[in-house]
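This is query_7.txt (compact mmCIF, C-alpha atoms and all ligand atoms).
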```txt
# COMPACT_ATOMS: atom_id res chain seq x y z
CA MET A 1 3.27 8.80 3.05
CA SER A 2 5.28 9.86 0.12
CA SER A 3 3.67 10.34 -3.22
CA ARG A 4 6.91 9.27 -4.79
CA LYS A 5 7.05 5.73 -3.54
CA SER A 6 6.71 2.88 -5.81
CA GLU A 7 3.55 0.87 -5.45
CA ASP A 8 2.73 3.61 -7.71
CA SER A 9 5.10 2.17 -10.21
CA VAL A 10 2.70 -0.65 -10.88
CA ALA A 11 0.57 1.38 -13.19
CA THR A 12 2.31 4.62 -14.07
CA PRO A 13 5.13 6.05 -11.98
CA LYS A 14 4.98 9.78 -11.93
CA LYS A 15 8.13 10.43 -13.88
CA ARG A 16 7.31 7.89 -16.52
CA HIS A 17 3.81 9.30 -16.62
CA MET A 18 5.07 12.81 -17.32
CA ASP A 19 7.51 11.59 -19.95
CA ALA A 20 4.66 9.64 -21.44
CA LEU A 21 2.68 12.85 -21.79
CA ALA A 22 5.39 14.29 -23.98
CA GLU A 23 5.95 11.12 -25.97
CA PRO A 24 3.50 8.21 -25.84
CA PRO A 25 5.32 4.86 -25.53
CA GLU A 26 5.32 2.68 -28.60
CA VAL A 27 5.65 -0.63 -26.76
CA ASN A 28 2.76 -1.12 -24.37
CA HIS A 29 1.37 -4.60 -24.74
CA GLU A 30 0.10 -6.79 -21.92
CA LEU A 31 3.22 -8.97 -21.57
CA PHE A 32 5.41 -5.91 -21.08
CA VAL A 33 3.09 -4.54 -18.41
CA GLY A 34 2.97 -7.97 -16.70
CA LEU A 35 6.76 -8.31 -16.60
CA SER A 36 7.36 -4.76 -15.42
CA SER A 37 5.07 -5.38 -12.44
CA LEU A 38 7.10 -8.46 -11.41
CA ARG A 39 9.44 -6.09 -9.58
CA ASP A 40 6.50 -4.87 -7.48
CA THR A 41 5.16 -8.32 -6.63
CA LEU A 42 8.55 -9.89 -5.89
CA SER A 43 8.91 -8.34 -2.44
CA SER A 44 7.24 -5.65 -0.38
CA SER A 45 10.39 -3.51 -0.16
CA ASN A 46 9.13 -1.34 -3.03
CA HIS A 47 5.72 -0.74 -1.49
CA SER A 48 4.88 2.53 0.22
CA ARG A 49 3.77 2.51 3.83
CA ASP A 50 0.24 3.42 2.84
CA PHE A 51 -0.03 0.55 0.42
CA ALA A 52 1.41 -1.73 3.12
CA PHE A 53 -1.61 -0.85 5.27
CA ALA A 54 -4.06 -1.51 2.43
CA HIS A 55 -2.24 -4.77 1.71
CA ALA A 56 -2.35 -5.83 5.36
CA HIS A 57 -6.07 -5.08 5.49
CA TYR A 58 -6.67 -7.38 2.53
CA LEU A 59 -4.35 -10.04 3.95
CA ARG A 60 -6.24 -9.93 7.25
CA SER A 61 -9.57 -10.65 5.56
CA ARG A 62 -7.98 -13.70 3.92
CA VAL A 63 -6.47 -14.86 7.21
CA LEU A 64 -9.87 -14.66 8.87
CA ALA A 65 -11.64 -16.52 6.05
CA LEU A 66 -9.08 -19.31 5.77
CA GLY A 67 -8.63 -19.47 9.55
CA ILE A 68 -12.35 -20.19 9.96
CA ILE A 69 -12.24 -22.89 7.24
CA PHE A 70 -9.20 -24.61 8.81
CA THR A 71 -10.73 -24.40 12.30
CA LEU A 72 -13.94 -26.03 11.08
CA LEU A 73 -12.11 -28.70 9.07
CA SER A 74 -10.04 -29.82 12.06
CA PRO A 75 -12.83 -31.39 14.17
CA LEU A 76 -14.37 -32.92 11.04
CA TRP A 77 -11.07 -34.67 10.44
CA ILE A 78 -11.25 -36.21 13.91
CA VAL A 79 -14.33 -38.07 12.64
CA VAL A 80 -12.35 -39.37 9.66
CA ASP A 81 -9.47 -40.40 11.95
CA SER A 82 -11.81 -42.26 14.30
CA LEU A 83 -13.25 -44.19 11.36
CA VAL A 84 -9.95 -45.31 9.82
CA LEU A 85 -7.33 -45.32 12.58
CA PRO A 86 -7.01 -48.13 15.13
CA ALA A 87 -8.04 -46.98 18.62
CA GLU A 88 -4.47 -47.12 20.01
CA LEU A 89 -3.28 -44.64 17.32
CA LEU A 90 -6.18 -42.26 17.70
CA ARG A 91 -4.79 -40.73 20.88
CA TYR A 92 -1.66 -39.61 18.98
CA THR A 93 -3.65 -37.57 16.47
CA LEU A 94 -6.39 -36.43 18.84
CA LEU A 95 -4.04 -34.52 21.11
CA GLY A 96 -2.37 -32.90 18.08
CA ARG A 97 -5.76 -31.93 16.65
CA VAL A 98 -6.81 -30.24 19.89
CA VAL A 99 -3.54 -28.27 20.04
CA LEU A 100 -3.97 -27.38 16.35
CA MET A 101 -7.52 -26.13 16.90
CA LEU A 102 -6.51 -24.06 19.90
CA GLY A 103 -3.65 -22.58 17.85
CA LEU A 104 -6.00 -21.76 14.96
CA VAL A 105 -8.51 -20.11 17.31
CA GLY A 106 -5.62 -18.11 18.80
CA VAL A 107 -4.58 -16.95 15.31
CA LEU A 108 -8.18 -15.96 14.52
CA VAL A 109 -8.50 -13.92 17.71
CA LEU A 110 -5.13 -12.25 17.13
CA ALA A 111 -6.07 -11.39 13.53
CA LEU A 112 -9.43 -10.05 14.68
CA PHE A 113 -7.69 -7.56 17.00
CA SER A 114 -4.94 -6.64 14.56
CA VAL A 115 -6.53 -3.94 12.45
CA GLU A 116 -3.74 -1.84 10.86
CA ARG A 117 -1.03 -3.97 12.55
CA ILE A 118 1.00 -5.01 9.52
CA ARG A 119 3.57 -7.23 11.26
CA ARG A 120 0.98 -9.02 13.38
CA ILE A 121 -1.18 -9.79 10.37
CA ARG A 122 1.80 -11.22 8.48
CA PHE A 123 2.59 -13.30 11.56
CA CYS A 124 -1.00 -14.59 11.64
CA ALA A 125 -0.83 -15.53 7.94
CA GLY A 126 2.45 -17.39 8.56
CA MET A 127 1.00 -19.19 11.59
CA LEU A 128 -2.04 -20.27 9.62
CA LEU A 129 0.29 -22.26 7.38
CA ALA A 130 2.80 -23.25 10.05
CA LEU A 131 0.26 -24.75 12.47
CA PRO A 132 -1.14 -27.51 10.19
CA ALA A 133 2.41 -28.17 8.91
CA GLY A 134 3.68 -28.43 12.51
CA PHE A 135 0.81 -30.76 13.38
CA TYR A 136 1.74 -33.05 10.48
CA VAL A 137 5.41 -33.10 11.54
CA LEU A 138 4.35 -33.94 15.09
CA VAL A 139 2.12 -36.81 13.99
CA LEU A 140 4.85 -38.20 11.72
CA ALA A 141 7.43 -37.95 14.49
CA MET A 142 5.22 -39.49 17.18
CA LEU A 143 3.54 -42.32 15.30
CA PRO A 144 5.25 -45.73 15.15
CA ASP A 145 6.72 -46.18 11.62
CA ARG A 146 4.34 -48.93 10.48
CA ALA A 147 1.31 -46.90 11.66
CA VAL A 148 2.08 -44.06 9.23
CA GLN A 149 0.64 -46.24 6.46
CA ASP A 150 -2.76 -46.15 8.22
CA LEU A 151 -3.08 -42.37 8.07
CA VAL A 152 -5.71 -41.17 5.64
CA GLY A 153 -5.56 -37.73 4.04
CA TYR A 154 -2.49 -36.55 5.97
CA GLY A 155 -0.21 -36.76 2.94
CA PHE A 156 -2.51 -34.18 1.41
CA ILE A 157 -1.52 -31.47 3.97
CA PRO A 158 1.52 -30.01 2.09
CA PHE A 159 -0.58 -29.87 -1.09
CA LEU A 160 -3.48 -28.17 0.69
CA LEU A 161 -1.12 -25.59 2.21
CA VAL A 162 0.64 -24.83 -1.07
CA ALA A 163 -2.76 -24.46 -2.77
CA SER A 164 -3.79 -22.11 0.07
CA LEU A 165 -0.90 -19.80 -0.80
CA SER A 166 -2.86 -18.69 -3.86
CA VAL A 167 -5.64 -17.35 -1.64
CA PHE A 168 -3.31 -14.81 -0.01
CA PRO A 169 -1.92 -11.70 -1.71
CA PHE A 170 1.59 -12.84 -0.73
CA THR A 171 4.67 -11.48 -2.49
CA LEU A 172 6.54 -13.98 -4.66
CA LEU A 173 9.40 -14.25 -2.17
CA GLU A 174 7.02 -14.95 0.70
CA SER A 175 5.24 -17.66 -1.28
CA LEU A 176 8.54 -19.15 -2.42
CA CYS A 177 9.79 -19.44 1.18
CA ALA A 178 6.51 -21.01 2.33
CA GLY A 179 6.51 -23.34 -0.69
CA LEU A 180 10.09 -24.50 -0.03
CA ALA A 181 9.12 -25.24 3.57
CA MET A 182 6.23 -27.38 2.28
CA LEU A 183 8.58 -29.24 -0.08
CA ALA A 184 10.83 -29.93 2.91
CA LEU A 185 7.77 -31.16 4.82
CA LEU A 186 6.91 -33.50 1.95
CA GLY A 187 10.51 -34.75 1.92
CA PHE A 188 10.33 -35.47 5.66
CA ALA A 189 7.01 -37.32 5.25
CA GLN A 190 8.51 -39.40 2.47
CA THR A 191 11.51 -40.42 4.55
CA VAL A 192 9.08 -41.57 7.26
CA ASP A 193 6.70 -43.48 5.00
CA GLY A 194 9.54 -44.89 2.88
CA THR A 195 8.62 -43.31 -0.48
CA TRP A 196 11.68 -40.97 -0.58
CA MET A 197 13.37 -41.23 -3.98
CA THR A 198 10.89 -43.80 -5.24
CA GLY A 199 8.81 -43.26 -8.39
CA ARG A 200 5.80 -42.25 -6.29
CA GLY A 201 7.90 -39.91 -4.18
CA VAL A 202 9.39 -38.09 -7.19
CA GLU A 203 5.92 -37.80 -8.72
CA SER A 204 4.61 -36.14 -5.53
CA PHE A 205 7.54 -33.72 -5.52
CA TRP A 206 6.88 -32.80 -9.12
CA LEU A 207 3.19 -32.27 -8.38
CA LEU A 208 3.85 -30.08 -5.35
CA SER A 209 6.44 -27.99 -7.25
CA SER A 210 3.98 -27.47 -10.10
CA LEU A 211 1.27 -26.45 -7.65
CA LEU A 212 3.70 -23.99 -6.05
CA VAL A 213 4.42 -22.35 -9.43
CA VAL A 214 0.68 -22.03 -10.13
CA SER A 215 0.09 -20.53 -6.65
CA MET A 216 2.91 -18.04 -7.18
CA ALA A 217 1.41 -17.01 -10.52
CA ALA A 218 -1.91 -16.46 -8.72
CA ASN A 219 -0.06 -14.38 -6.07
CA HIS A 220 1.53 -12.27 -8.78
CA PHE A 221 -1.74 -11.48 -10.55
CA GLN A 222 -3.60 -10.91 -7.30
CA LEU A 223 -0.98 -8.54 -5.89
CA SER A 224 -0.47 -6.61 -9.12
CA LEU A 225 -4.23 -6.13 -9.47
CA LEU A 226 -4.37 -4.92 -5.89
CA LEU A 227 -1.53 -2.48 -6.54
CA ARG A 228 -3.20 -1.20 -9.69
CA LEU A 229 -6.60 -0.74 -8.02
CA TYR A 230 -4.94 0.95 -5.06
CA ARG A 231 -3.19 3.35 -7.36
CA GLN A 232 -6.34 4.16 -9.31
CA ALA A 233 -8.25 4.80 -6.10
CA THR A 234 -5.64 7.03 -4.48
CA HIS A 235 -3.78 8.82 -7.28
CA ASP A 236 -4.55 11.53 -9.75
CA PRO A 237 -4.03 10.08 -13.24
CA LEU A 238 -2.68 13.30 -14.78
CA THR A 239 0.04 14.25 -12.30
CA GLY A 240 0.59 10.94 -10.48
CA LEU A 241 0.14 12.76 -7.14
CA PHE A 242 -2.20 11.61 -4.38
CA ASN A 243 -5.83 12.57 -4.96
CA ARG A 244 -8.15 14.38 -2.58
CA GLY A 245 -9.55 11.23 -0.97
CA ALA A 246 -6.09 9.85 -0.20
CA LEU A 247 -5.04 13.24 1.17
CA GLU A 248 -7.95 13.36 3.61
CA VAL A 249 -7.24 9.84 4.86
CA HIS A 250 -3.58 10.79 5.24
CA LEU A 251 -4.42 13.92 7.25
CA GLU A 252 -6.46 11.84 9.69
CA LYS A 253 -3.59 9.37 10.07
CA ILE A 254 -1.21 12.24 10.81
CA GLN A 255 -3.54 13.56 13.50
CA ALA A 256 -3.73 10.10 15.08
CA TRP A 257 0.08 10.01 15.02
CA GLN A 258 0.23 13.51 16.57
CA ARG A 259 -2.14 12.44 19.36
CA GLU A 260 0.04 9.40 20.02
CA ILE A 261 3.22 11.46 20.23
CA GLU A 262 1.88 14.57 21.92
CA GLY A 263 -0.52 12.88 24.29
CA GLY A 264 -2.79 15.47 25.89
CA GLU A 265 -0.58 18.43 24.97
CA GLN A 266 -2.08 20.79 22.44
CA GLN A 267 0.75 21.44 20.00
CA GLY A 268 4.47 21.08 20.00
CA ARG A 269 6.42 17.91 19.68
CA ALA A 270 4.90 16.72 16.41
CA PRO A 271 4.05 19.83 14.38
CA CYS A 272 2.60 19.46 10.93
CA SER A 273 1.62 22.15 8.44
CA VAL A 274 -0.67 22.31 5.46
CA LEU A 275 -0.04 24.37 2.32
CA MET A 276 -2.88 25.02 -0.11
CA LEU A 277 -1.58 26.13 -3.52
CA ASP A 278 -3.37 27.46 -6.57
CA LEU A 279 -1.93 28.46 -9.95
CA ASP A 280 -2.62 32.12 -10.73
CA HIS A 281 -4.81 32.91 -13.73
CA PHE A 282 -4.59 29.33 -14.92
CA LYS A 283 -7.70 29.77 -17.05
CA ARG A 284 -5.71 32.21 -19.22
CA ILE A 285 -3.08 29.54 -19.89
CA ASN A 286 -5.77 27.16 -21.09
CA ASP A 287 -7.47 29.85 -23.14
CA ASN A 288 -4.28 31.20 -24.72
CA HIS A 289 -2.29 27.98 -25.26
CA GLY A 290 -4.79 25.14 -25.20
CA HIS A 291 -5.81 22.49 -22.71
CA SER A 292 -2.89 20.14 -23.40
CA VAL A 293 -0.37 22.89 -22.60
CA GLY A 294 -2.41 23.57 -19.44
CA ASP A 295 -2.10 19.87 -18.57
CA ASN A 296 1.65 20.03 -19.10
CA VAL A 297 1.92 23.04 -16.80
CA LEU A 298 0.01 21.11 -14.12
CA CYS A 299 2.43 18.17 -14.47
CA GLN A 300 5.49 20.43 -14.32
CA PHE A 301 4.03 22.19 -11.31
CA ALA A 302 3.45 18.82 -9.62
CA ARG A 303 7.08 17.94 -10.32
CA ILE A 304 8.28 21.20 -8.74
CA LEU A 305 6.21 20.49 -5.62
CA SER A 306 7.68 17.00 -5.32
CA GLY A 307 11.19 18.37 -5.89
CA GLN A 308 10.79 21.05 -3.22
CA THR A 309 9.49 18.72 -0.51
CA ARG A 310 10.94 15.78 1.37
CA LYS A 311 10.26 12.08 0.90
CA HIS A 312 7.96 11.84 3.90
CA ASP A 313 5.95 14.97 3.07
CA CYS A 314 2.75 14.47 1.13
CA VAL A 315 1.91 16.22 -2.13
CA ALA A 316 -1.63 15.91 -3.47
CA ARG A 317 -3.78 17.33 -6.21
CA TYR A 318 -6.81 18.71 -4.42
CA GLY A 319 -8.76 19.35 -7.61
CA GLY A 320 -8.36 21.37 -10.85
CA GLU A 321 -5.35 23.66 -10.43
CA GLU A 322 -5.39 23.43 -6.64
CA PHE A 323 -2.78 21.38 -4.78
CA VAL A 324 -2.06 20.59 -1.13
CA VAL A 325 1.28 19.90 0.51
CA ILE A 326 1.53 18.43 4.01
CA LEU A 327 4.81 19.14 5.74
CA LEU A 328 5.52 16.69 8.53
CA GLY A 329 7.52 18.03 11.45
CA SER A 330 7.19 21.66 10.24
CA ASP A 331 5.58 24.42 12.28
CA GLU A 332 3.93 27.42 10.64
CA GLU A 333 7.10 29.48 10.48
CA ARG A 334 9.07 26.73 8.79
CA ALA A 335 6.12 25.97 6.49
CA LEU A 336 6.04 29.59 5.37
CA GLU A 337 9.71 29.34 4.41
CA VAL A 338 8.99 26.22 2.36
CA ALA A 339 5.96 27.92 0.78
CA GLU A 340 8.12 30.86 -0.21
CA ARG A 341 10.72 28.51 -1.67
CA ILE A 342 8.04 26.81 -3.74
CA ARG A 343 6.55 30.13 -4.84
CA TYR A 344 9.97 31.29 -6.02
CA ALA A 345 10.76 27.98 -7.76
CA VAL A 346 7.51 28.26 -9.74
CA GLU A 347 8.13 31.91 -10.61
CA VAL A 348 11.57 31.22 -12.10
CA PHE A 349 10.72 27.89 -13.75
CA GLU A 350 10.72 27.89 -17.56
CA PHE A 351 7.22 26.69 -18.45
CA THR A 352 6.91 26.64 -22.22
CA ASP A 353 4.16 26.36 -24.83
CA ARG A 354 4.23 24.22 -28.00
CA GLN A 355 6.56 26.71 -29.72
CA GLN A 356 8.91 26.57 -26.75
CA GLN A 357 7.95 30.14 -25.84
CA ARG A 358 8.10 30.83 -22.11
CA ILE A 359 4.78 31.00 -20.26
CA PRO A 360 4.94 33.03 -17.07
CA VAL A 361 3.36 31.02 -14.25
CA THR A 362 2.97 31.99 -10.60
CA THR A 363 1.27 30.43 -7.60
CA SER A 364 -0.51 31.70 -4.50
CA ILE A 365 -0.22 29.76 -1.27
CA GLY A 366 -2.15 29.56 2.00
CA VAL A 367 -0.31 28.17 5.03
CA THR A 368 -1.63 26.81 8.31
CA GLN A 369 -0.61 24.43 11.08
CA LEU A 370 -2.63 21.25 11.55
CA ARG A 371 -4.01 20.77 15.05
CA GLN A 372 -4.43 17.30 16.46
CA ASP A 373 -7.80 18.15 18.03
CA GLU A 374 -9.67 19.60 15.04
CA PRO A 375 -11.41 18.02 12.04
CA ALA A 376 -8.87 17.89 9.20
CA GLN A 377 -11.36 19.83 7.05
CA GLU A 378 -10.93 22.81 9.39
CA ALA A 379 -7.21 23.02 8.64
CA LEU A 380 -7.90 22.74 4.91
CA LYS A 381 -10.48 25.51 5.17
CA ARG A 382 -8.05 27.78 7.06
CA ALA A 383 -5.38 27.18 4.43
CA ASP A 384 -7.95 27.87 1.70
CA ASP A 385 -9.01 31.15 3.36
CA ALA A 386 -5.36 32.23 3.52
CA LEU A 387 -4.98 31.27 -0.14
CA TYR A 388 -8.04 33.37 -0.97
CA ARG A 389 -6.47 36.36 0.81
CA ALA A 390 -3.23 35.79 -1.08
CA LYS A 391 -5.23 35.96 -4.33
CA GLU A 392 -7.11 39.05 -3.15
CA THR A 393 -3.93 40.87 -2.17
CA GLY A 394 -2.14 40.50 -5.49
CA ARG A 395 -1.37 36.76 -6.09
CA ASN A 396 2.14 35.23 -6.34
CA ARG A 397 2.49 35.22 -2.57
CA ALA A 398 2.34 32.98 0.48
CA LEU A 399 0.20 33.93 3.48
CA VAL A 400 -0.27 32.30 6.86
CA ALA A 401 -3.86 31.69 7.95
CA GLU A 402 -5.17 34.39 10.27
CA ALA A 403 -6.94 32.12 12.71
CA ALA A 404 -3.73 30.28 13.55
CA SER A 405 -1.54 33.34 14.10
CA ASP A 406 -1.24 36.91 12.97
CA ALA A 407 -0.88 37.05 9.23
CA LEU A 408 2.68 36.99 8.03
CA ALA A 409 3.29 37.73 4.44
CA VAL A 410 6.20 37.10 2.20
CA ASP A 411 6.13 38.61 -1.25
N1 LIG B 1 -5.69 22.00 -18.62
C1 LIG B 1 -6.41 21.73 -17.52
N2 LIG B 1 -7.16 22.72 -16.99
C2 LIG B 1 -7.86 22.47 -15.88
C3 LIG B 1 -7.84 21.20 -15.27
N3 LIG B 1 -8.64 21.25 -14.18
C4 LIG B 1 -9.14 22.51 -14.11
N4 LIG B 1 -8.67 23.25 -15.15
C5 LIG B 1 -8.97 24.63 -15.48
O1 LIG B 1 -8.47 25.50 -14.49
C6 LIG B 1 -9.14 26.75 -14.66
C7 LIG B 1 -9.38 27.35 -13.29
O2 LIG B 1 -9.83 28.65 -13.50
P1 LIG B 1 -10.34 29.60 -12.34
O3 LIG B 1 -10.92 28.81 -11.24
O4 LIG B 1 -11.16 30.67 -12.95
O5 LIG B 1 -9.02 30.19 -11.72
P2 LIG B 1 -7.79 30.96 -12.38
O6 LIG B 1 -7.97 31.27 -13.82
O7 LIG B 1 -6.58 30.15 -12.06
O8 LIG B 1 -7.77 32.30 -11.61
P3 LIG B 1 -7.32 32.54 -10.12
O9 LIG B 1 -7.37 31.25 -9.38
O10 LIG B 1 -8.28 33.53 -9.59
O11 LIG B 1 -5.93 33.08 -10.18
C8 LIG B 1 -10.44 26.46 -15.42
O12 LIG B 1 -10.34 27.04 -16.69
C9 LIG B 1 -10.45 24.94 -15.54
O13 LIG B 1 -10.99 24.53 -16.77
C10 LIG B 1 -7.05 20.18 -15.86
O14 LIG B 1 -6.96 19.03 -15.40
N5 LIG B 1 -6.35 20.47 -16.98
```
This entry written out as structure tokens:
Amino acid sequence: MSSRKSEDSVATPKKRHMDALAEPPEVNHELFVGLSSLRDTLSSSNHSRDFAFAHAHYLRSRVLALGIIFTLLSPLWIVVDSLVLPAELLRYTLLGRVVLMLGLVGVLVLALFSVERIRRIRFCAGMLLALPAGFYVLVLAMLPDRAVQDLVGYGFIPFLLVASLSVFPFTLLESLCAGLAMLALLGFAQTVDGTWMTGRGVESFWLLSSLLVVSMAANHFQLSLLLRLYRQATHDPLTGLFNRGALEVHLEKIQAWQREIEGGEQQGRAPCSVLMLDLDHFKRINDNHGHSVGDNVLCQFARILSGQTRKHDCVARYGGEEFVVILLGSDEERALEVAERIRYAVEVFEFTDRQQQRIPVTTSIGVTQLRQDEPAQEALKRADDALYRAKETGRNRALVAEAASDALAVD
């Protein structure tokens, strides 16, 4: 999880956010916000991995709801068929309906057992649309030409599926591809029933295209709202970093990943370290220069942390002037080196007040290695204890937690 990825850009990307602190934007009306989020709803390539999981979770709930509706509608339609279709045609649709229902039940079961499986859930969503469309193609292909006229309600299938697109938080590209497939399906149906390029046929095309545009608009608003809510729930509004809740979830995910990679082994192949950082005498900065300068220092500090870490590390604001960095793939020794690098970067950074006078700022850091077999809170507590010792022993220093190894200090 990187705090620098861009689902975050839906509301306020960090850099923009910091710039905005210095100079509030003049143009900020709804249309501008709507258009800027188009980039985020167009495709999922801009979404962070963590948002992809949240997105998949939401998509799964929609797949289950719509899957149940489609599965229940299918047998009901057999009743309609048996009322309007001649007996010799009924067998064509009945077999298709049974296959369709089995397919839908299969999709439901797969979705049910696909918690946190992003690709599988996308596959289920695609199948939910593809199965009824495939059934319609099959019926059209199998039925004798003149019998197609007897079908009741089948011509409605492409319209129903395009309308269903609006229920899912699909990206615009996903919806466009599905919509084009439905237009092709309508074209095929029209060549079979003889309305291709007739007035009625063109009218249906126009209707389906309009419905597709409306569904895509619904996708856009649904996905951008989801992105915005996700950001508000997981990010600190001042610095744009992950908040405490998101950090704790992330730590648990890392431990699950460690267990997967390391198996029963205690530590080793997938090391991960936690840094707990606190600005020294931050209250003085607030008292001497004002709260807004204090806020600016916090933002600059957040920017230093992001600059000193890698894309796949996680930087979070733990609360107040306390921050946490999770270093993936780093053991304690390596983490101490990074901590020292951060400490030095903060010490030499030119923080300034409103008169552009330099404010000396330093940070104390506690370092520990995360174990796969402990509650994540334990690691945070160890890092916090080491931070406390760093404060006690003079501040502006990084210390490794005692419980994990003998204390190493770098001044
Ligand atoms: N400007 C600003 N100040 C904050 C924010 N959150 C917490 N603070 C302030 O951070 C200060 C923390 O002070 P203390 O906990 O006494 O710690 P300290 O002054 O940094 O001293 P040591 O940690 O012992 O070095 C308090 O004055 C809080 O008001 C914030 O979002 N913005």
### Message
List the spatial neighbours of A:Arg389 as JSON, numbers by chain - criterion: any atom at most 9 Å away, only C-alpha atoms, same-chain residues fewer than 4 positions off excluded.
### Response
{"A": [366, 384, 385, 393, 394, 395, 399, 401]}
### Task
List every protein, DNA or RNA residue with an atom no more than 12 Å from (6.0, -34.8, -2.9) in the file's coordinates, counting all atoms listed in the file, and format the result as a PyMOL selection string.
chain A and resi 155-159+162+179-191+193+195-212
### Message
Using all atoms listed in the file, which residues of the polymer chains come no farther than 6 Å from ligand LIG 1 (chain B)? I'd like the answer as a list of chain:residue names.
### Response
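I would give the residues around ligand LIG 1 (chain B) as A:Leu279, A:Asp280, A:His281, A:Phe282, A:Lys283, A:Arg284, A:Asn286, A:His291, A:Ser292, A:Gly294, A:Asp295, A:Gly320, A:Glu321.
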### Selected residue of minimal separation from A:Asp81 among A:Arg49, A:Arg317, A:Arg97, A:Lys311, counting all atoms listed in the file
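Smallest separation from A:Asp81 among the options: A:Arg97.
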### Query
If you measure from atom CA of A:Cys299 to atom CA of A:Ala390, what distance in Å do you get, rounded to one decimal?
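The value is 22.8 Å.
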### Task
Give me, please, the distance in Å between atom CA of A:Pro169 and atom CA of A:Val213, quoted to one decimal.
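Atom CA of A:Val213 lies at a distance of 14.6 Å from atom CA of A:Pro169.
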### Task
Write out as JSON, numbers by chain which residues come within 12 Å of A:Val79 when counting all atoms listed in the file, dropping same-chain ones fewer than 3 positions away.
{"A": [73, 74, 75, 76, 82, 83, 84, 85, 90, 93, 94, 97, 152]}
### Query
Distance atom CA of A:Phe221-atom CA of A:Arg117, one decimal place?
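Interatomic distance here is 24.3 Å.
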Mind working out the centre and edge lengths of an axis-aligned box for stretch 244-252 of chain A, all listed atoms inside, 8 Å added to each side, rounded to one decimal in Å and written as lines of an AutoDock Vina configuration file?
```
center_x = -6.6
center_y = 12.1
center_z = 3.6
size_x = 22.0
size_y = 20.5
size_z = 28.3
```
#### Entry: Residue contacts of A:Phe123 (10 Å, all atoms listed in the file) excluding same-chain residues fewer than 3 positions away, as number ranges by chain
A: 107, 110-111, 118-120, 126-128
### Summary
Counting all atoms listed in the file, closest pick from A:Ser43, A:Val297, A:Ala141, A:Val367 relative to A:Leu176 is A:Ser43
### Query
When distances are computed from all atoms listed in the file, which of A:Leu328, A:Leu251, A:Ala233, A:Val80 shows the smallest separation from A:Ala270?
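For A:Ala270, the nearest of the given residues is A:Leu328.
If you measure from each of A:Ala65, A:Val137, A:Ala345, A:Ala379 to A:Ile326 using only C-alpha atoms, the closest one turns out to be A:Ala379.
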### Message
Considering all atoms listed in the file, can you say which of A:Arg122, A:Arg341, A:His47, A:Arg39 comes closest to A:Leu59?
### Response
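For A:Leu59, the nearest of the candidates is A:Arg122.
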### Task
Considering only C-alpha atoms, return as a list in words whatever protein or nucleic-acid residues lie within 7 Å of A:Ser330, sequence-local ones (same chain, fewer than 4 positions apart) excluded.
Pro271, Cys272, Ser273, Arg334 and Ala335 of chain A
For stretch 141-151 of chain A, supply N, CA and C atoms and format the output as a PDB file, in the frame of the given file.
```
ATOM      1  N   ALA A 141       6.350 -37.664  13.553  1.00  0.00           N
ATOM      2  CA  ALA A 141       7.430 -37.950  14.490  1.00  0.00           C
ATOM      3  C   ALA A 141       6.975 -38.862  15.622  1.00  0.00           C
ATOM      4  N   MET A 142       5.695 -38.748  16.020  1.00  0.00           N
ATOM      5  CA  MET A 142       5.220 -39.490  17.180  1.00  0.00           C
ATOM      6  C   MET A 142       4.728 -40.898  16.844  1.00  0.00           C
ATOM      7  N   LEU A 143       4.164 -41.037  15.650  1.00  0.00           N
ATOM      8  CA  LEU A 143       3.540 -42.320  15.300  1.00  0.00           C
ATOM      9  C   LEU A 143       4.600 -43.404  15.072  1.00  0.00           C
ATOM     10  N   PRO A 144       4.342 -44.631  15.500  1.00  0.00           N
ATOM     11  CA  PRO A 144       5.250 -45.730  15.150  1.00  0.00           C
ATOM     12  C   PRO A 144       5.302 -45.861  13.618  1.00  0.00           C
ATOM     13  N   ASP A 145       6.503 -46.194  13.075  1.00  0.00           N
ATOM     14  CA  ASP A 145       6.720 -46.180  11.620  1.00  0.00           C
ATOM     15  C   ASP A 145       5.638 -46.904  10.822  1.00  0.00           C
ATOM     16  N   ARG A 146       5.282 -48.128  11.271  1.00  0.00           N
ATOM     17  CA  ARG A 146       4.340 -48.930  10.480  1.00  0.00           C
ATOM     18  C   ARG A 146       2.934 -48.299  10.477  1.00  0.00           C
ATOM     19  N   ALA A 147       2.646 -47.486  11.546  1.00  0.00           N
ATOM     20  CA  ALA A 147       1.310 -46.900  11.660  1.00  0.00           C
ATOM     21  C   ALA A 147       1.090 -45.759  10.658  1.00  0.00           C
ATOM     22  N   VAL A 148       2.195 -45.178  10.167  1.00  0.00           N
ATOM     23  CA  VAL A 148       2.080 -44.060   9.230  1.00  0.00           C
ATOM     24  C   VAL A 148       1.253 -44.462   8.016  1.00  0.00           C
ATOM     25  N   GLN A 149       1.376 -45.749   7.634  1.00  0.00           N
ATOM     26  CA  GLN A 149       0.640 -46.240   6.460  1.00  0.00           C
ATOM     27  C   GLN A 149      -0.880 -46.144   6.673  1.00  0.00           C
ATOM     28  N   ASP A 150      -1.315 -46.166   7.952  1.00  0.00           N
ATOM     29  CA  ASP A 150      -2.760 -46.150   8.220  1.00  0.00           C
ATOM     30  C   ASP A 150      -3.382 -44.754   8.112  1.00  0.00           C
ATOM     31  N   LEU A 151      -2.531 -43.735   8.105  1.00  0.00           N
ATOM     32  CA  LEU A 151      -3.080 -42.370   8.070  1.00  0.00           C
ATOM     33  C   LEU A 151      -3.815 -42.123   6.759  1.00  0.00           C
TER      34      LEU A 151
END
```
